[in-house]
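Containing PDB, C-alpha atoms, pLDDT in the B column: entry.pdb.
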ATOM      1  CA  MET J   1      36.189   7.761  82.007  1.00 50.00           C
ATOM      2  CA  LYS J   2      37.384  10.565  79.748  1.00 53.00           C
ATOM      3  CA  GLU J   3      40.691  12.219  80.397  1.00 57.00           C
ATOM      4  CA  LYS J   4      41.618  15.548  78.916  1.00 60.00           C
ATOM      5  CA  ASP J   5      44.991  17.100  79.732  1.00 62.00           C
ATOM      6  CA  GLY J   6      45.474  14.663  82.568  1.00 64.00           C
ATOM      7  CA  LEU J   7      42.090  15.426  84.191  1.00 65.00           C
ATOM      8  CA  SER J   8      39.230  13.012  84.359  1.00 67.00           C
ATOM      9  CA  THR J   9      35.714  14.232  83.758  1.00 70.00           C
ATOM     10  CA  GLN J  10      32.936  13.023  85.988  1.00 68.00           C
ATOM     11  CA  ARG J  11      29.279  13.819  86.578  1.00 68.00           C
ATOM     12  CA  TYR J  12      26.802  13.303  89.377  1.00 67.00           C
ATOM     13  CA  ASP J  13      24.266  10.510  89.071  1.00 71.00           C
ATOM     14  CA  ASP J  14      22.024  11.034  92.062  1.00 72.00           C
ATOM     15  CA  VAL J  15      24.606  11.320  94.800  1.00 73.00           C
ATOM     16  CA  ASP J  16      27.287   9.180  93.227  1.00 75.00           C
ATOM     17  CA  LEU J  17      30.016  10.302  90.846  1.00 76.00           C
ATOM     18  CA  VAL J  18      30.057   8.543  87.510  1.00 79.00           C
ATOM     19  CA  ASN J  19      32.787   8.805  84.877  1.00 77.00           C
ATOM     20  CA  VAL J  20      31.773  10.566  81.652  1.00 74.00           C
ATOM     21  CA  THR J  21      32.504   9.151  78.218  1.00 74.00           C
ATOM     22  CA  SER J  22      32.035  12.404  76.248  1.00 73.00           C
ATOM     23  CA  THR J  23      31.707  16.121  77.001  1.00 70.00           C
ATOM     24  CA  ILE J  24      29.699  18.921  75.422  1.00 67.00           C
ATOM     25  CA  ASP J  25      30.986  22.478  75.417  1.00 67.00           C
ATOM     26  CA  LEU J  26      28.382  24.853  76.743  1.00 66.00           C
ATOM     27  CA  LEU J  27      30.005  27.905  75.127  1.00 65.00           C
ATOM     28  CA  PRO J  28      31.045  27.428  71.490  1.00 62.00           C
ATOM     29  CA  SER J  29      34.566  28.423  70.588  1.00 63.00           C
ATOM     30  CA  LYS J  30      34.843  32.086  69.569  1.00 63.00           C
ATOM     31  CA  ASN J  31      38.263  31.676  67.981  1.00 65.00           C
ATOM     32  CA  LEU J  32      38.478  32.704  64.338  1.00 66.00           C
ATOM     33  CA  SER J  33      40.163  30.262  62.071  1.00 77.00           C
ATOM     34  CA  THR J  34      43.663  30.916  60.762  1.00 80.00           C
ATOM     35  CA  THR J  35      42.353  31.394  57.221  1.00 84.00           C
ATOM     36  CA  ILE J  36      40.102  34.267  58.278  1.00 87.00           C
ATOM     37  CA  TRP J  37      43.022  35.988  60.039  1.00 86.00           C
ATOM     38  CA  ILE J  38      45.161  35.633  56.917  1.00 90.00           C
ATOM     39  CA  ILE J  39      42.395  37.141  54.766  1.00 92.00           C
ATOM     40  CA  ILE J  40      41.922  40.051  57.199  1.00 93.00           C
ATOM     41  CA  GLY J  41      45.687  40.675  57.209  1.00 94.00           C
ATOM     42  CA  LEU J  42      45.901  40.657  53.398  1.00 96.00           C
ATOM     43  CA  VAL J  43      42.960  43.049  53.065  1.00 97.00           C
ATOM     44  CA  ALA J  44      44.518  45.406  55.614  1.00 97.00           C
ATOM     45  CA  ALA J  45      47.890  45.260  53.816  1.00 97.00           C
ATOM     46  CA  PHE J  46      46.192  46.001  50.481  1.00 97.00           C
ATOM     47  CA  ILE J  47      44.347  49.000  51.929  1.00 97.00           C
ATOM     48  CA  ILE J  48      47.567  50.382  53.434  1.00 97.00           C
ATOM     49  CA  ALA J  49      49.481  49.869  50.172  1.00 96.00           C
ATOM     50  CA  ALA J  50      46.740  51.598  48.156  1.00 95.00           C
ATOM     51  CA  ALA J  51      46.674  54.548  50.570  1.00 94.00           C
ATOM     52  CA  LEU J  52      50.466  54.942  50.379  1.00 94.00           C
ATOM     53  CA  TYR J  53      50.355  54.798  46.577  1.00 93.00           C
ATOM     54  CA  LEU J  54      47.690  57.505  46.426  1.00 92.00           C
ATOM     55  CA  ILE J  55      49.605  59.732  48.833  1.00 91.00           C
ATOM     56  CA  ASN J  56      52.836  59.355  46.837  1.00 88.00           C
ATOM     57  CA  SER J  57      51.140  60.007  43.495  1.00 86.00           C
ATOM     58  CA  ASN J  58      49.501  63.166  44.885  1.00 83.00           C
ATOM     59  CA  LYS J  59      52.884  64.383  46.169  1.00 79.00           C
ATOM     60  CA  LYS J  60      54.447  63.819  42.741  1.00 75.00           C
ATOM     61  CA  LYS J  61      51.650  65.734  41.011  1.00 72.00           C
ATOM     62  CA  ALA J  62      52.044  68.591  43.470  1.00 67.00           C
ATOM     63  CA  ALA J  63      55.818  68.638  42.944  1.00 62.00           C
ATOM     64  CA  HIS J  64      55.391  68.818  39.154  1.00 58.00           C
ATOM     65  CA  SER J  65      52.890  71.655  39.362  1.00 54.00           C
ATOM     66  CA  THR J  66      55.124  73.781  41.609  1.00 50.00           C
ATOM     67  CA  GLU J  67      58.132  73.619  39.298  1.00 50.00           C
ATOM     68  CA  PRO J  68      59.039  76.950  37.752  1.00 51.00           C
ATOM     69  CA  GLU J  69      57.948  77.241  34.158  1.00 51.00           C
ATOM     70  CA  HIS J  70      61.236  78.471  32.773  1.00 54.00           C
ATOM     71  CA  GLN J  71      64.017  76.064  33.509  1.00 74.00           C
ATOM     72  CA  PHE J  72      66.154  77.438  30.728  1.00 78.00           C
ATOM     73  CA  THR J  73      69.262  79.504  31.236  1.00 82.00           C
ATOM     74  CA  VAL J  74      70.647  81.903  28.674  1.00 82.00           C
ATOM     75  CA  PRO J  75      74.249  80.984  27.833  1.00 81.00           C
ATOM     76  CA  GLU J  76      76.888  83.634  28.502  1.00 83.00           C
ATOM     77  CA  ASN J  77      78.254  83.368  24.985  1.00 85.00           C
ATOM     78  CA  LEU J  78      75.003  83.754  23.063  1.00 83.00           C
ATOM     79  CA  THR J  79      75.258  82.751  19.423  1.00 86.00           C
ATOM     80  CA  PRO J  80      72.513  82.376  16.825  1.00 88.00           C
ATOM     81  CA  VAL J  81      72.842  78.588  17.049  1.00 89.00           C
ATOM     82  CA  ASN J  82      72.475  78.661  20.861  1.00 89.00           C
ATOM     83  CA  ALA J  83      69.499  80.995  20.567  1.00 89.00           C
ATOM     84  CA  LEU J  84      67.737  78.770  18.011  1.00 90.00           C
ATOM     85  CA  HIS J  85      68.376  75.693  20.125  1.00 91.00           C
ATOM     86  CA  LEU J  86      67.050  77.401  23.257  1.00 90.00           C
ATOM     87  CA  LEU J  87      63.937  78.633  21.426  1.00 91.00           C
ATOM     88  CA  ASP J  88      63.349  75.115  20.089  1.00 91.00           C
ATOM     89  CA  LEU J  89      63.613  73.683  23.633  1.00 89.00           C
ATOM     90  CA  ILE J  90      61.149  76.282  24.905  1.00 89.00           C
ATOM     91  CA  LYS J  91      58.758  75.469  22.059  1.00 90.00           C
ATOM     92  CA  THR J  92      58.953  71.716  22.702  1.00 89.00           C
ATOM     93  CA  LYS J  93      58.477  72.077  26.474  1.00 88.00           C
ATOM     94  CA  ARG J  94      55.477  74.379  26.115  1.00 86.00           C
ATOM     95  CA  GLN J  95      53.872  72.127  23.503  1.00 86.00           C
ATOM     96  CA  GLN J  96      54.239  69.130  25.823  1.00 86.00           C
ATOM     97  CA  THR J  97      52.663  70.989  28.740  1.00 84.00           C
ATOM     98  CA  GLY J  98      49.960  72.577  26.568  1.00 83.00           C
ATOM     99  CA  LYS J  99      51.060  76.136  27.343  1.00 82.00           C
ATOM    100  CA  LEU J 100      51.594  77.146  23.719  1.00 81.00           C
ATOM    101  CA  ASP J 101      48.553  78.086  21.663  1.00 85.00           C
ATOM    102  CA  ASP J 102      48.543  78.454  17.865  1.00 86.00           C
ATOM    103  CA  GLN J 103      49.140  82.208  17.913  1.00 89.00           C
ATOM    104  CA  GLN J 104      52.115  81.891  20.257  1.00 88.00           C
ATOM    105  CA  GLN J 105      53.527  79.051  18.171  1.00 88.00           C
ATOM    106  CA  LEU J 106      53.334  81.166  15.021  1.00 89.00           C
ATOM    107  CA  ALA J 107      55.050  84.062  16.801  1.00 90.00           C
ATOM    108  CA  LEU J 108      57.802  81.765  18.129  1.00 89.00           C
ATOM    109  CA  ASP J 109      58.320  80.217  14.690  1.00 90.00           C
ATOM    110  CA  GLY J 110      58.466  83.741  13.241  1.00 90.00           C
ATOM    111  CA  ASP J 111      61.155  84.782  15.724  1.00 89.00           C
ATOM    112  CA  MET J 112      63.148  81.651  14.902  1.00 89.00           C
ATOM    113  CA  ASN J 113      62.837  82.392  11.169  1.00 89.00           C
ATOM    114  CA  ASN J 114      63.920  86.019  11.735  1.00 86.00           C
ATOM    115  CA  ILE J 115      67.042  84.803  13.563  1.00 85.00           C
ATOM    116  CA  MET J 116      67.824  82.384  10.732  1.00 86.00           C
ATOM    117  CA  GLN J 117      67.303  85.057   8.044  1.00 84.00           C
ATOM    118  CA  SER J 118      69.252  87.778   9.817  1.00 82.00           C
ATOM    119  CA  HIS J 119      72.207  85.601  10.836  1.00 81.00           C
ATOM    120  CA  PHE J 120      72.391  82.911   8.189  1.00 79.00           C
ATOM    121  CA  GLY J 121      70.795  84.700   5.232  1.00 74.00           C
ATOM    122  CA  LYS J 122      72.415  87.004   2.660  1.00 72.00           C
ATOM    123  CA  SER J 123      71.778  90.204   4.648  1.00 65.00           C
ATOM    124  CA  GLU J 124      74.269  91.715   7.101  1.00 61.00           C
ATOM    125  CA  PRO J 125      73.634  90.921  10.807  1.00 55.00           C
ATOM    126  CA  GLU J 126      72.568  94.015  12.726  1.00 59.00           C
ATOM    127  CA  GLU J 127      73.226  94.232  16.471  1.00 58.00           C
ATOM    128  CA  ALA J 128      73.422  90.465  16.649  1.00 58.00           C
ATOM    129  CA  ASN J 129      73.730  89.744  20.367  1.00 61.00           C
ATOM    130  CA  ALA J 130      71.332  92.463  21.522  1.00 65.00           C
ATOM    131  CA  SER J 131      68.481  91.302  19.269  1.00 79.00           C
ATOM    132  CA  LEU J 132      69.149  87.647  20.155  1.00 78.00           C
ATOM    133  CA  LEU J 133      69.022  88.397  23.868  1.00 81.00           C
ATOM    134  CA  GLU J 134      65.795  90.420  23.504  1.00 84.00           C
ATOM    135  CA  THR J 135      64.185  87.610  21.521  1.00 84.00           C
ATOM    136  CA  ILE J 136      65.214  84.948  24.061  1.00 82.00           C
ATOM    137  CA  LYS J 137      64.057  87.010  27.069  1.00 83.00           C
ATOM    138  CA  LYS J 138      60.679  87.540  25.403  1.00 83.00           C
ATOM    139  CA  TRP J 139      60.057  83.773  25.459  1.00 80.00           C
ATOM    140  CA  LEU J 140      61.466  82.928  28.889  1.00 75.00           C
TER     141      LEU J 140
END
For this file, produce the structure as structure tokens.
Amino acid sequence: MKEKDGLSTQRYDDVDLVNVTSTIDLLPSKNLSTTIWIIIGLVAAFIIAAALYLINSNKKKAAHSTEPEHQFTVPENLTPVNALHLLDLIKTKRQQTGKLDDQQQLALDGDMNNIMQSHFGKSEPEEANASLLETIKKWL
């Protein structure tokens, strides 16, 4: 006699009931093992994490490309030193982003040299602030 969960299992032998010593499941168990569920969960988590990473990286690229090119402000009290510093920042930023070709770089270096010669050289400065402002606005 085999008892499972408090029930005894019996079978018919002719017309009499006989106790059974072992049972055979007619339908095999369709339950997936715990290990398979863990693997499925990890794969799903990895796919979700990868999708979120790709979405965030695309948003960051889009945010960088929509930034305005000129982020530089002209100071109210424009001096030759401020102008040279601002032109150097513009040059560095454009070189990093690849928006400054050789011809533009030569022209920018020439403007910086003109400012240095006219304001720090032996000659007298002529219309200092007006020429500085024109030079800066040309590169913004």
| Can you list, as JSON, numbers by chain, every protein, DNA or RNA residue that comes within 12 Å of J:Ala107 when you count all atoms listed in the file, leaving out same-chain residues fewer than 5 positions away? | {"J": [87, 91, 100, 101, 102, 112, 113, 114, 135, 138, 139]}
Return as AutoDock Vina command-line options the centre and edge lengths, in Å with one decimal, of the box along x, y and z that encloses every atom of stretch 39-53 of chain J in the file, padded by 8 Å per side.
--center_x 46.2 --center_y 46.0 --center_z 51.9 --size_x 24.5 --size_y 33.8 --size_z 26.6
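Applied to the file shown here, the PyMOL selection byres ((chain J and resi 74) around 9) selects Phe72, Thr73, Pro75, Glu76, Asn77, Leu78, Asn82, Ala83, Leu86, Leu133, Ile136 and Lys137 of chain J.
For the pair atom CA of J:Asp109 and atom CA of J:Gln71, the separation is 20.1 Å.
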| said: Please compute the atom CA of J:Gln105-atom CA of J:Glu134 distance, one decimal, in Å. | reply: 17.6 Å
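Counting from atom CA of J:Ile38, the distance to atom CA of J:Ile55 is 25.8 Å.
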| field | Exercise: J:Ile115 partners within 8 Å, only C-alpha atoms, chain neighbours under 3 positions left out, as a ChimeraX atom specification | value | /J:80,84,111-112,118-120,132
Could you save those same residues with C-alpha atoms as a compact mmCIF listing (two decimals), in the coordinates of the input?
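selection_38.txt, written as the output of this step:
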# COMPACT_ATOMS: atom_id res chain seq x y z
CA PRO J 80 72.51 82.38 16.82
CA LEU J 84 67.74 78.77 18.01
CA ASP J 111 61.16 84.78 15.72
CA MET J 112 63.15 81.65 14.90
CA SER J 118 69.25 87.78 9.82
CA HIS J 119 72.21 85.60 10.84
CA PHE J 120 72.39 82.91 8.19
CA LEU J 132 69.15 87.65 20.16
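Nearest to J:Gln104 of all the residues J:Asp13, J:Thr23, J:Ile90, J:Ser131 is J:Ile90, counting all atoms listed in the file.
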